[in-house]
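Asks: Got a file for you: start04.cif, mmCIF, C-alpha atoms.
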```cif
data_model
#
loop_
_atom_site.label_atom_id
_atom_site.label_comp_id
_atom_site.auth_asym_id
_atom_site.auth_seq_id
_atom_site.Cartn_x
_atom_site.Cartn_y
_atom_site.Cartn_z
CA MET A 7 221.03 186.40 120.50
CA SER A 8 218.15 183.96 120.62
CA SER A 9 216.49 183.49 123.99
CA LEU A 10 214.28 185.68 126.15
CA ARG A 11 213.65 185.23 129.86
CA LEU A 12 210.54 187.02 131.10
CA LYS A 13 209.92 187.61 134.78
CA ILE A 14 206.76 189.24 136.05
CA TRP A 15 207.36 191.69 138.89
CA GLY A 16 203.90 193.21 138.78
CA CYS A 17 200.70 192.42 136.88
CA ARG A 18 198.02 194.28 138.82
CA GLY A 19 196.14 197.05 137.03
CA SER A 20 195.22 200.57 138.03
CA VAL A 21 196.46 200.68 141.63
CA PRO A 22 198.62 198.49 143.90
CA THR A 23 196.59 196.04 145.97
CA PRO A 24 198.69 194.59 148.78
CA GLY A 25 197.02 192.34 151.30
CA PRO A 26 195.95 188.82 152.12
CA LYS A 27 193.42 188.62 149.28
CA THR A 28 196.00 189.12 146.54
CA VAL A 29 198.98 187.03 147.60
CA ALA A 30 198.55 184.39 144.89
CA PHE A 31 198.56 186.70 141.87
CA GLY A 32 200.23 189.69 143.49
CA GLY A 33 199.34 193.30 144.13
CA ASN A 34 202.15 195.20 142.43
CA THR A 35 201.37 197.17 139.29
CA SER A 36 202.86 196.45 135.87
CA CYS A 37 206.51 195.55 135.49
CA VAL A 38 208.15 192.78 133.46
CA GLU A 39 211.85 192.04 133.31
CA VAL A 40 213.18 190.78 129.99
CA GLY A 41 216.54 189.06 130.36
CA LEU A 42 218.65 188.41 127.29
CA ASP A 43 221.09 185.55 127.01
CA ASP A 44 224.08 187.91 126.91
CA GLY A 45 223.06 189.20 130.34
CA ALA A 46 221.57 192.44 129.04
CA LEU A 47 218.30 193.61 130.47
CA LEU A 48 215.14 195.33 129.33
CA VAL A 49 212.35 196.37 131.66
CA LEU A 50 208.75 196.83 130.56
CA ASP A 51 206.85 199.46 132.54
CA ALA A 52 207.55 200.98 135.91
CA GLY A 53 204.60 200.11 138.09
CA THR A 54 205.31 199.27 141.71
CA GLY A 55 206.72 195.91 140.65
CA ILE A 56 209.84 197.74 139.53
CA ILE A 57 210.71 198.56 143.15
CA ASP A 58 211.61 195.00 144.09
CA LEU A 59 213.23 194.50 140.69
CA GLY A 60 215.43 197.51 141.39
CA LEU A 61 216.65 196.05 144.66
CA ASP A 62 217.42 192.81 142.87
CA LEU A 63 219.35 194.66 140.17
CA VAL A 64 221.45 196.39 142.81
CA ASP A 65 222.36 192.98 144.21
CA ARG A 66 223.24 191.80 140.72
CA GLY A 67 225.37 194.87 140.06
CA VAL A 68 223.48 195.81 136.89
CA ARG A 69 224.56 199.26 135.66
CA ARG A 70 223.08 199.44 132.15
CA LEU A 71 219.34 199.33 131.60
CA HIS A 72 216.60 200.05 129.12
CA LEU A 73 213.13 200.84 130.46
CA LEU A 74 210.27 200.68 127.95
CA LEU A 75 207.09 202.45 129.01
CA THR A 76 203.81 201.63 127.31
CA HIS A 77 202.32 204.88 128.58
CA LEU A 78 202.49 207.23 131.51
CA HIS A 79 199.43 206.39 133.56
CA LEU A 80 200.53 206.17 137.17
CA ASP A 81 200.20 202.41 137.46
CA HIS A 82 202.94 202.13 134.82
CA LEU A 83 205.18 204.87 136.21
CA GLU A 84 204.75 205.23 139.94
CA GLY A 85 207.45 202.72 140.86
CA LEU A 86 210.14 204.63 138.96
CA ARG A 87 210.57 207.11 141.80
CA PHE A 88 211.56 204.26 144.09
CA PHE A 89 213.64 202.31 141.57
CA ALA A 90 216.99 201.90 143.30
CA PRO A 91 219.16 202.07 140.13
CA LEU A 92 217.77 205.55 139.46
CA TRP A 93 219.52 206.71 142.60
CA ASP A 94 222.92 205.31 141.64
CA GLU A 95 225.22 207.59 139.67
CA ARG A 96 226.98 204.56 138.15
CA VAL A 97 223.81 203.49 136.34
CA ALA A 98 222.97 204.45 132.75
CA LEU A 99 219.25 204.20 132.09
CA ASP A 100 217.53 204.72 128.74
CA ILE A 101 213.81 205.36 129.12
CA TRP A 102 211.71 204.76 126.01
CA GLY A 103 208.09 205.85 125.79
CA PRO A 104 205.30 206.91 123.46
CA PRO A 105 205.66 210.32 121.82
CA SER A 106 203.14 212.99 122.60
CA PRO A 107 202.05 215.80 120.30
CA LEU A 108 202.47 218.30 123.11
CA LEU A 109 205.28 217.54 125.55
CA GLY A 110 208.45 215.50 125.41
CA LEU A 111 208.80 212.26 127.35
CA GLN A 112 211.12 213.84 129.91
CA GLU A 113 208.74 216.73 130.59
CA ARG A 114 205.81 214.37 131.07
CA ILE A 115 207.69 212.05 133.40
CA ALA A 116 209.04 215.05 135.32
CA ARG A 117 205.50 215.80 136.47
CA ALA A 118 205.67 212.73 138.70
CA PHE A 119 208.95 213.99 140.11
CA SER A 120 207.77 217.40 141.22
CA PRO A 121 205.99 218.97 144.19
CA PRO A 122 203.48 218.31 145.57
CA LEU A 123 203.73 214.71 144.30
CA PHE A 124 207.40 214.14 145.06
CA PRO A 125 210.17 216.11 146.79
CA ILE A 126 213.01 215.56 144.32
CA GLU A 127 213.10 216.86 140.76
CA LEU A 128 213.79 214.46 137.91
CA ARG A 129 216.82 216.49 136.84
CA ASP A 130 218.39 215.82 140.25
CA VAL A 131 218.37 212.02 140.14
CA PRO A 132 221.94 210.65 140.17
CA ALA A 133 221.66 208.05 137.38
CA ARG A 134 222.52 209.04 133.82
CA VAL A 135 219.06 208.99 132.25
CA THR A 136 218.33 209.38 128.55
CA PHE A 137 214.79 209.85 127.31
CA ARG A 138 213.81 208.49 123.93
CA ASP A 139 210.54 208.48 122.00
CA VAL A 140 209.89 205.01 120.63
CA PRO A 141 210.66 204.97 116.88
CA ARG A 142 207.87 204.54 114.35
CA GLU A 143 209.83 201.79 112.66
CA PRO A 144 211.25 198.64 114.32
CA TRP A 145 214.59 199.07 116.04
CA SER A 146 216.91 196.91 118.06
CA ILE A 147 218.52 196.90 121.49
CA ASN A 148 221.25 194.42 122.32
CA GLY A 149 220.29 192.24 119.39
CA VAL A 150 216.58 192.12 120.20
CA SER A 151 214.24 193.49 117.54
CA LEU A 152 211.57 195.75 118.95
CA ALA A 153 208.45 197.30 117.52
CA ALA A 154 206.07 199.73 119.16
CA ASN A 155 202.66 200.69 117.78
CA LEU A 156 200.01 202.96 119.19
CA VAL A 157 197.09 200.93 120.54
CA VAL A 158 193.58 201.65 121.79
CA HIS A 159 193.86 203.09 125.28
CA PRO A 160 193.21 206.63 126.52
CA GLY A 161 196.17 208.92 125.83
CA PRO A 162 199.30 208.06 123.84
CA THR A 163 199.87 204.35 124.54
CA VAL A 164 201.95 201.77 122.76
CA GLY A 165 202.28 198.02 122.88
CA PHE A 166 205.58 196.29 122.29
CA ARG A 167 206.76 193.31 120.29
CA LEU A 168 210.15 191.80 121.12
CA GLU A 169 211.69 189.28 118.81
CA THR A 170 214.88 187.30 118.54
CA ALA A 171 215.93 184.75 115.96
CA GLY A 172 214.16 182.06 117.94
CA SER A 173 211.34 183.63 119.89
CA SER A 174 208.80 186.42 120.01
CA PHE A 175 206.81 188.14 122.72
CA ALA A 176 204.11 190.82 122.66
CA TYR A 177 203.25 193.04 125.59
CA LEU A 178 199.86 194.78 125.51
CA PRO A 179 199.02 195.33 129.18
CA ASP A 180 196.53 198.16 128.64
CA HIS A 181 194.50 197.59 125.53
CA GLU A 182 190.85 197.75 124.49
CA PRO A 183 190.85 196.49 120.89
CA ALA A 184 187.12 195.76 121.02
CA LEU A 185 186.45 199.50 121.01
CA ALA A 186 187.55 199.55 117.37
CA GLY A 187 186.52 196.00 116.56
CA ILE A 188 188.08 192.54 116.73
CA VAL A 189 185.69 190.13 115.04
CA GLU A 190 184.71 190.63 111.40
CA ARG A 191 187.76 192.82 110.84
CA SER A 192 190.75 192.02 108.71
CA SER A 193 193.79 191.95 110.94
CA ASP A 194 195.28 195.15 109.51
CA TRP A 195 192.29 196.98 111.00
CA ILE A 196 192.66 195.51 114.51
CA SER A 197 194.52 197.56 117.08
CA GLY A 198 197.68 195.80 118.18
CA ALA A 199 197.32 192.88 115.78
CA ALA A 200 200.60 193.47 113.96
CA LEU A 201 202.48 193.47 117.26
CA ALA A 202 200.96 190.22 118.45
CA ASP A 203 200.86 188.41 115.13
CA GLY A 204 201.86 184.79 115.71
CA VAL A 205 203.96 185.47 118.82
CA ASP A 206 205.10 182.72 121.13
CA VAL A 207 203.72 184.54 124.16
CA LEU A 208 201.20 187.36 124.43
CA PHE A 209 200.67 189.33 127.62
CA HIS A 210 197.28 190.99 127.21
CA ASP A 211 194.92 193.10 129.23
CA ALA A 212 191.96 191.12 130.64
CA GLN A 213 190.89 193.35 133.47
CA TYR A 214 187.17 192.63 133.48
CA PHE A 215 184.53 189.97 133.57
CA GLU A 216 181.94 190.55 130.87
CA ASP A 217 179.37 192.18 133.15
CA GLU A 218 182.01 194.53 134.54
CA TYR A 219 183.10 195.53 131.07
CA GLU A 220 179.57 196.54 130.09
CA THR A 221 179.77 199.54 132.40
CA ARG A 222 183.41 200.36 131.61
CA VAL A 223 183.49 200.50 127.82
CA GLY A 224 185.98 203.12 126.74
CA TRP A 225 188.09 202.95 129.87
CA GLY A 226 190.87 201.34 127.89
CA HIS A 227 190.78 197.77 129.15
CA SER A 228 189.51 194.44 127.90
CA SER A 229 187.08 191.84 129.06
CA VAL A 230 188.32 188.30 129.35
CA SER A 231 186.38 187.21 126.26
CA ASP A 232 187.84 190.04 124.19
CA ALA A 233 191.34 189.06 125.28
CA VAL A 234 190.65 185.49 124.19
CA ALA A 235 189.15 186.70 120.90
CA PHE A 236 192.18 188.90 120.27
CA ARG A 237 194.54 185.98 120.83
CA ARG A 238 192.53 183.93 118.40
CA VAL A 239 192.72 186.46 115.56
CA VAL A 240 196.43 187.15 115.99
CA GLY A 241 197.36 183.49 116.38
CA ALA A 242 199.48 183.88 119.50
CA ARG A 243 200.61 180.51 120.80
CA ARG A 244 200.26 181.33 124.48
CA LEU A 245 198.12 183.93 126.27
CA LEU A 246 198.83 185.39 129.67
CA LEU A 247 196.03 187.54 131.02
CA PHE A 248 197.46 190.71 132.54
CA HIS A 249 196.50 193.93 134.33
CA HIS A 250 194.28 192.41 136.97
CA GLU A 251 191.41 194.50 138.27
CA PRO A 252 192.30 195.79 141.77
CA GLN A 253 188.89 194.74 143.10
CA HIS A 254 189.54 191.14 142.12
CA SER A 255 190.75 188.89 144.90
CA ASP A 256 192.69 185.71 144.23
CA ASP A 257 189.41 183.80 144.26
CA SER A 258 187.89 186.13 141.68
CA LEU A 259 190.94 185.82 139.49
CA GLU A 260 190.78 182.05 139.60
CA ARG A 261 187.20 182.29 138.34
CA LEU A 262 188.32 184.67 135.62
CA GLU A 263 191.03 182.25 134.55
CA ALA A 264 188.53 179.39 134.46
CA GLN A 265 186.20 181.50 132.35
CA ALA A 266 189.01 182.32 129.92
CA GLN A 267 189.87 178.66 129.60
CA SER A 268 186.25 177.75 128.97
CA LEU A 269 186.20 180.14 126.02
CA ALA A 270 189.01 178.35 124.21
CA ALA A 271 188.19 175.73 121.62
CA PRO A 272 189.61 172.24 122.27
CA ASP A 273 192.47 172.81 119.82
CA GLU A 274 193.33 176.25 121.17
CA PRO A 275 195.81 177.11 123.92
CA LYS A 276 194.29 177.70 127.33
CA ALA A 277 194.78 181.18 128.69
CA GLU A 278 196.65 181.59 131.97
CA LEU A 279 196.68 184.41 134.46
CA ALA A 280 199.91 186.30 134.96
CA ARG A 281 201.26 185.93 138.48
CA GLU A 282 203.85 188.00 140.26
CA GLY A 283 207.11 186.05 140.28
CA MET A 284 206.20 183.96 137.24
CA VAL A 285 209.12 183.25 134.92
CA ILE A 286 208.76 182.31 131.26
CA GLU A 287 211.76 181.08 129.31
CA LEU A 288 211.55 181.41 125.55
CA PRO A 289 214.09 179.41 123.57
CA MET B 230 210.74 191.42 112.05
CA GLY B 231 208.03 189.39 110.38
CA ARG B 232 204.90 191.34 111.11
CA ARG B 233 201.72 191.97 109.20
CA ARG B 234 201.12 195.46 107.89
CA GLN B 235 198.84 197.42 110.12
CA LYS B 236 196.69 200.49 109.59
CA HIS B 237 197.67 203.37 111.81
CA LEU B 238 195.69 203.53 115.04
CA VAL B 239 194.26 206.90 114.02
CA LEU B 240 192.78 205.33 110.88
CA ILE B 241 191.43 202.40 112.90
CA LEU B 242 189.69 204.78 115.29
CA ALA B 243 188.48 206.98 112.41
CA ARG B 244 186.92 203.92 110.79
CA GLU B 245 185.13 203.03 114.00
CA PHE B 246 183.91 206.62 114.28
CA ALA B 247 182.75 206.63 110.65
CA SER B 248 181.04 203.27 110.92
CA ASN B 249 178.79 204.71 113.63
CA LEU B 250 177.80 207.81 111.65
CA ALA B 251 174.63 208.17 109.61
CA THR B 252 176.48 210.69 107.43
CA PRO B 253 178.29 209.36 104.37
CA THR B 254 181.98 209.32 105.27
CA LEU B 255 185.10 208.04 103.59
CA ILE B 256 188.65 207.59 104.82
CA ALA B 257 191.79 207.68 102.72
CA ASP B 258 195.30 206.92 103.91
CA ALA B 259 198.33 209.15 103.46
CA ASP B 260 199.00 207.67 100.01
CA GLY B 261 195.56 208.65 98.76
CA THR B 262 194.17 205.14 98.88
CA LEU B 263 190.52 204.96 99.82
CA VAL B 264 190.61 202.50 102.71
CA PHE B 265 187.05 202.68 103.99
CA TYR B 266 183.63 204.19 103.49
CA ASN B 267 180.69 203.67 105.77
CA GLU B 268 177.22 202.23 105.25
CA ALA B 269 175.71 205.67 104.72
CA ALA B 270 178.17 206.20 101.87
CA GLU B 271 177.26 202.79 100.49
CA GLU B 272 173.73 204.11 99.91
CA VAL B 273 175.14 206.90 97.75
CA VAL B 274 177.65 204.69 96.00
CA GLY B 275 175.32 201.81 95.36
CA HIS B 276 177.57 199.03 96.59
CA THR B 277 179.44 198.09 99.70
CA PHE B 278 183.04 198.82 100.49
CA ALA B 279 183.64 195.09 100.67
CA GLU B 280 182.52 194.87 97.03
CA SER B 281 184.59 197.78 95.76
CA GLY B 282 187.70 197.29 97.89
CA GLU B 283 190.57 199.71 98.27
CA MET B 284 191.33 202.04 95.37
CA GLN B 285 192.79 205.47 94.74
CA VAL B 286 190.47 208.16 96.05
CA ASP B 287 190.63 210.05 92.72
CA GLU B 288 189.44 206.97 90.89
CA TRP B 289 186.57 206.61 93.30
CA THR B 290 185.40 210.23 93.11
CA SER B 291 185.80 210.35 89.32
CA SER B 292 183.33 207.51 89.05
CA PHE B 293 180.61 209.93 90.20
CA ASN B 294 181.39 212.48 87.52
CA PRO B 295 181.73 215.41 89.93
CA ARG B 296 181.03 218.76 88.26
CA ASP B 297 180.67 222.37 89.28
CA GLU B 298 177.66 224.66 89.22
CA HIS B 299 178.16 225.20 85.48
CA GLY B 300 178.25 221.50 84.76
CA GLU B 301 181.98 221.56 84.10
CA PRO B 302 183.99 218.57 85.33
CA LEU B 303 185.56 219.25 88.71
CA PRO B 304 189.30 218.62 88.38
CA PRO B 305 190.85 216.41 91.08
CA GLU B 306 192.74 219.31 92.65
CA ARG B 307 189.45 221.07 93.41
CA ARG B 308 187.93 218.07 95.10
CA PRO B 309 188.06 218.48 98.88
CA ALA B 310 189.53 215.04 99.64
CA ARG B 311 192.33 215.52 97.10
CA PHE B 312 192.96 219.06 98.37
CA ALA B 313 193.21 217.80 101.96
CA LEU B 314 195.60 215.05 100.84
CA ASP B 315 197.82 217.38 98.81
CA HIS B 316 197.85 220.39 101.10
CA ARG B 317 197.17 218.73 104.44
CA ARG B 318 194.58 221.37 105.18
CA PRO B 319 190.81 221.16 105.55
CA ALA B 320 188.63 221.86 102.54
CA HIS B 321 184.94 222.23 101.78
CA ASP B 322 183.06 222.56 98.51
CA ARG B 323 179.69 221.92 96.85
CA PHE B 324 179.23 220.13 93.59
CA ARG B 325 176.98 217.76 91.68
CA ILE B 326 177.55 214.05 91.30
CA THR B 327 175.81 211.23 89.51
CA SER B 328 175.40 208.23 91.77
CA ARG B 329 175.65 204.65 90.59
CA ASP B 330 171.86 204.55 90.47
CA GLY B 331 171.97 207.27 87.79
CA VAL B 332 170.49 209.95 90.03
CA ASP B 333 172.10 213.39 90.05
CA ARG B 334 172.72 214.68 93.56
CA ASP B 335 173.97 218.00 94.87
CA VAL B 336 176.39 217.38 97.67
CA ALA B 337 178.77 219.32 99.85
CA VAL B 338 181.98 217.64 100.96
CA THR B 339 184.07 218.51 103.97
CA ALA B 340 187.51 216.93 104.11
CA PHE B 341 190.14 217.28 106.79
CA PRO B 342 193.59 215.84 107.36
CA LEU B 343 194.48 213.44 110.18
CA PHE B 344 197.74 214.01 112.01
CA ALA B 345 198.92 211.51 114.60
CA HIS B 346 201.70 213.93 115.43
CA ALA B 347 202.60 217.33 114.04
CA ASP B 348 204.84 215.70 111.45
CA GLU B 349 202.93 212.45 111.00
CA PHE B 350 200.19 212.73 108.42
CA VAL B 351 198.19 209.52 108.28
CA GLY B 352 195.27 210.30 105.95
CA VAL B 353 192.05 212.25 105.47
CA VAL B 354 188.40 211.97 106.36
CA ALA B 355 185.80 213.26 103.89
CA ILE B 356 182.18 213.72 104.87
CA PHE B 357 179.41 214.09 102.29
CA TRP B 358 176.45 216.32 103.04
CA ARG B 359 173.38 216.07 100.90
CA CYS B 360 172.23 219.54 99.84
#
```
Rewrite the coordinates I just gave you, this time as structure tokens.

Replies:
Amino acid sequence: MSSLRLKIWGCRGSVPTPGPKTVAFGGNTSCVEVGLDDGALLVLDAGTGIIDLGLDLVDRGVRRLHLLLTHLHLDHLEGLRFFAPLWDERVALDIWGPPSPLLGLQERIARAFSPPLFPIELRDVPARVTFRDVPREPWSINGVSLAANLVVHPGPTVGFRLETAGSSFAYLPDHEPALAGIVERSSDWISGAALADGVDVLFHDAQYFEDEYETRVGWGHSSVSDAVAFRRVVGARRLLLFHHEPQHSDDSLERLEAQAQSLAAPDEPKAELAREGMVIELP
Amino acid sequence: MGRRRQKHLVLILAREFASNLATPTLIADADGTLVFYNEAAEEVVGHTFAESGEMQVDEWTSSFNPRDEHGEPLPPERRPARFALDHRRPAHDRFRITSRDGVDRDVAVTAFPLFAHADEFVGVVAIFWRC
């Protein structure tokens, strides 16, 4: 096991934003497919991007899946109810998510599958679903090493690091490390730093321009400059800015990308914006 | 998986909380290592955390010669931070210390455990109140 194939099915934050102003970067909420070279499949988050992924998986005949949820805010969960494999009794689906001090993962997800939000109870879905709290220590699925750590975001939220013999990837779509400090901190005191340390590719929250962030401190998301600063301290080799603000049109996002690139030193990698449909192959 | 060691998120957030307090506050991890004290505590201690670095919390508190109302040395098990570490319960007590500047001070200390989950003890916070 050595390669990872990442496909972005949704990278919008907070709420889906379909329409003519978001066609370039996409309006579906968070979902990333991680393909392994033995054909196995992991899915990161279940925003509305997972709906089209599910239809694709039906076409591909995929019957075994692992879904890793960073947290249970709706923009990371709402697509699950319309995820076609969930409605196929031949499918076995393991759902991994952050533990909560109060309720189990299944009980918390079941809230989204109950009246008045939804007509069908979670216990009645046909697929064979297993719910698992993410372990505190690294674990592996199909030969991929995974680690999950709690990160700064309201409510129990984790980021993920996926690693093979040849490549590494960190996924921190909802993360506000600046709330607990980025600069002038040793890396062991920076939220999420261990997950992103030296990875080949980092997907990181960059929901806001700086002036927007000033009035949204504590909401759990990062400004573009904080995302760039975080990449710098963790030494990630490539940065994809993720979780786009729903108010940002394609034009706004292009300005945000340009701003991110202007913040990089000449010898640093230029940040890119995640786009729906983007594929990244890691050797 | 070649990753750096990382402080638990609860400790990271506790440090940020403490660093914004005007009340002397220290944080120890689950192993009893003093991992941070704030600027207000630096005034009591006489030097910065960057200068002293991480150390065992007992070593740190012993350096202030804590003693009870009769002037008797306060054994580690009666010190609130140690009690909170050992018993994972809150503790509060008053005693006298001698700061690095040689001044005797009466202080009260409140220490409480930090649990990330019911079975995941990650450290303690101790707050010093000047009496």

Asks: Contacts of stretch 261-275 of chain A at 9 Å or less, counting all atoms listed in the file, minus same-chain residues fewer than 2 places along, as an mmCIF file with C-alpha atoms, in the frame of the given file?

Replies:
```
data_model
loop_
_atom_site.group_PDB
_atom_site.id
_atom_site.type_symbol
_atom_site.label_atom_id
_atom_site.label_comp_id
_atom_site.auth_asym_id
_atom_site.auth_seq_id
_atom_site.Cartn_x
_atom_site.Cartn_y
_atom_site.Cartn_z
ATOM 1 C CA ALA A 212 191.960 191.120 130.640
ATOM 2 C CA TYR A 214 187.170 192.630 133.480
ATOM 3 C CA PHE A 215 184.530 189.970 133.570
ATOM 4 C CA VAL A 230 188.320 188.300 129.350
ATOM 5 C CA SER A 231 186.380 187.210 126.260
ATOM 6 C CA ALA A 233 191.340 189.060 125.280
ATOM 7 C CA VAL A 234 190.650 185.490 124.190
ATOM 8 C CA ALA A 235 189.150 186.700 120.900
ATOM 9 C CA ARG A 238 192.530 183.930 118.400
ATOM 10 C CA ALA A 242 199.480 183.880 119.500
ATOM 11 C CA ARG A 243 200.610 180.510 120.800
ATOM 12 C CA ARG A 244 200.260 181.330 124.480
ATOM 13 C CA LEU A 245 198.120 183.930 126.270
ATOM 14 C CA LEU A 247 196.030 187.540 131.020
ATOM 15 C CA ASP A 256 192.690 185.710 144.230
ATOM 16 C CA ASP A 257 189.410 183.800 144.260
ATOM 17 C CA SER A 258 187.890 186.130 141.680
ATOM 18 C CA LEU A 259 190.940 185.820 139.490
ATOM 19 C CA ALA A 277 194.780 181.180 128.690
ATOM 20 C CA GLU A 278 196.650 181.590 131.970
ATOM 21 C CA LEU A 279 196.680 184.410 134.460
#
```

Asks: Could you work out which residues of chain A fall inside 9 Å of chain B? Count all atoms listed in the file, and format the result as a compact mmCIF listing (two decimals) with C-alpha atoms, in the coordinates of the input.

Replies:
```txt
# COMPACT_ATOMS: atom_id res chain seq x y z
CA PRO A 105 205.66 210.32 121.82
CA SER A 106 203.14 212.99 122.60
CA PRO A 107 202.05 215.80 120.30
CA LEU A 108 202.47 218.30 123.11
CA PRO A 144 211.25 198.64 114.32
CA SER A 151 214.24 193.49 117.54
CA LEU A 152 211.57 195.75 118.95
CA ALA A 153 208.45 197.30 117.52
CA ASN A 155 202.66 200.69 117.78
CA LEU A 156 200.01 202.96 119.19
CA VAL A 157 197.09 200.93 120.54
CA VAL A 158 193.58 201.65 121.79
CA GLU A 169 211.69 189.28 118.81
CA THR A 170 214.88 187.30 118.54
CA LEU A 185 186.45 199.50 121.01
CA ALA A 186 187.55 199.55 117.37
CA GLY A 187 186.52 196.00 116.56
CA SER A 193 193.79 191.95 110.94
CA ASP A 194 195.28 195.15 109.51
CA TRP A 195 192.29 196.98 111.00
CA ILE A 196 192.66 195.51 114.51
CA SER A 197 194.52 197.56 117.08
CA GLY A 198 197.68 195.80 118.18
CA ALA A 199 197.32 192.88 115.78
CA ALA A 200 200.60 193.47 113.96
CA LEU A 201 202.48 193.47 117.26
CA ALA A 202 200.96 190.22 118.45
CA ASP A 203 200.86 188.41 115.13
CA GLY A 204 201.86 184.79 115.71
```

Asks: Go ahead and compute the interatomic distance for atom CA of A:Thr23 and atom CA of A:Glu220, in Å to one decimal.

Replies: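 Atom-to-atom, atom CA of A:Thr23 and atom CA of A:Glu220 are spaced 23.3 Å apart.
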
Asks: Skipping near chain neighbours, those fewer than 5 positions away, what residues fall within 10 Å of B:Pro342 using only C-alpha atoms, listed as a list in words?

Replies: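 The filter keeps Ile256, Ala257, Asp258, Ala259, Ala310, Phe312, Ala313, Leu314, Asp315, His316, Arg317, Arg318, Pro319, Ala320, Phe350, Val351, Gly352, Val353, Val354 and Ala355 of chain B.
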
Asks: Please measure the separation of atom CA of A:Asp44 and atom CA of A:Val140, giving the value in Å to one decimal.

Replies: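 Result for atom CA of A:Asp44 versus atom CA of A:Val140: 23.1 Å, one decimal.
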
Asks: Atoms are missing here; could stretch 250-262 of chain A be completed with N, CA and C atoms and written as a compact mmCIF listing (two decimals), in the coordinates of the input?

Replies:
```txt
# COMPACT_ATOMS: atom_id res chain seq x y z
N HIS A 250 195.42 192.88 136.18
CA HIS A 250 194.28 192.41 136.97
C HIS A 250 193.57 193.56 137.68
N GLU A 251 192.26 193.49 137.63
CA GLU A 251 191.41 194.50 138.27
C GLU A 251 191.72 194.54 139.79
N PRO A 252 191.94 195.73 140.35
CA PRO A 252 192.30 195.79 141.77
C PRO A 252 191.22 195.26 142.71
N GLN A 253 189.96 195.28 142.26
CA GLN A 253 188.89 194.74 143.10
C GLN A 253 188.83 193.21 143.09
N HIS A 254 189.61 192.60 142.24
CA HIS A 254 189.54 191.14 142.12
C HIS A 254 190.51 190.46 143.09
N SER A 255 189.95 189.69 143.98
CA SER A 255 190.75 188.89 144.90
C SER A 255 191.32 187.68 144.15
N ASP A 256 192.18 186.94 144.84
CA ASP A 256 192.69 185.71 144.23
C ASP A 256 191.56 184.78 143.80
N ASP A 257 190.53 184.68 144.62
CA ASP A 257 189.41 183.80 144.26
C ASP A 257 188.72 184.27 142.98
N SER A 258 188.52 185.60 142.89
CA SER A 258 187.89 186.13 141.68
C SER A 258 188.74 185.85 140.46
N LEU A 259 190.05 186.02 140.63
CA LEU A 259 190.94 185.82 139.49
C LEU A 259 190.97 184.36 139.05
N GLU A 260 190.85 183.46 139.99
CA GLU A 260 190.78 182.05 139.60
C GLU A 260 189.52 181.77 138.78
N ARG A 261 188.42 182.44 139.14
CA ARG A 261 187.20 182.29 138.34
C ARG A 261 187.38 182.90 136.95
N LEU A 262 188.09 184.03 136.91
CA LEU A 262 188.32 184.67 135.62
C LEU A 262 189.18 183.78 134.71
```
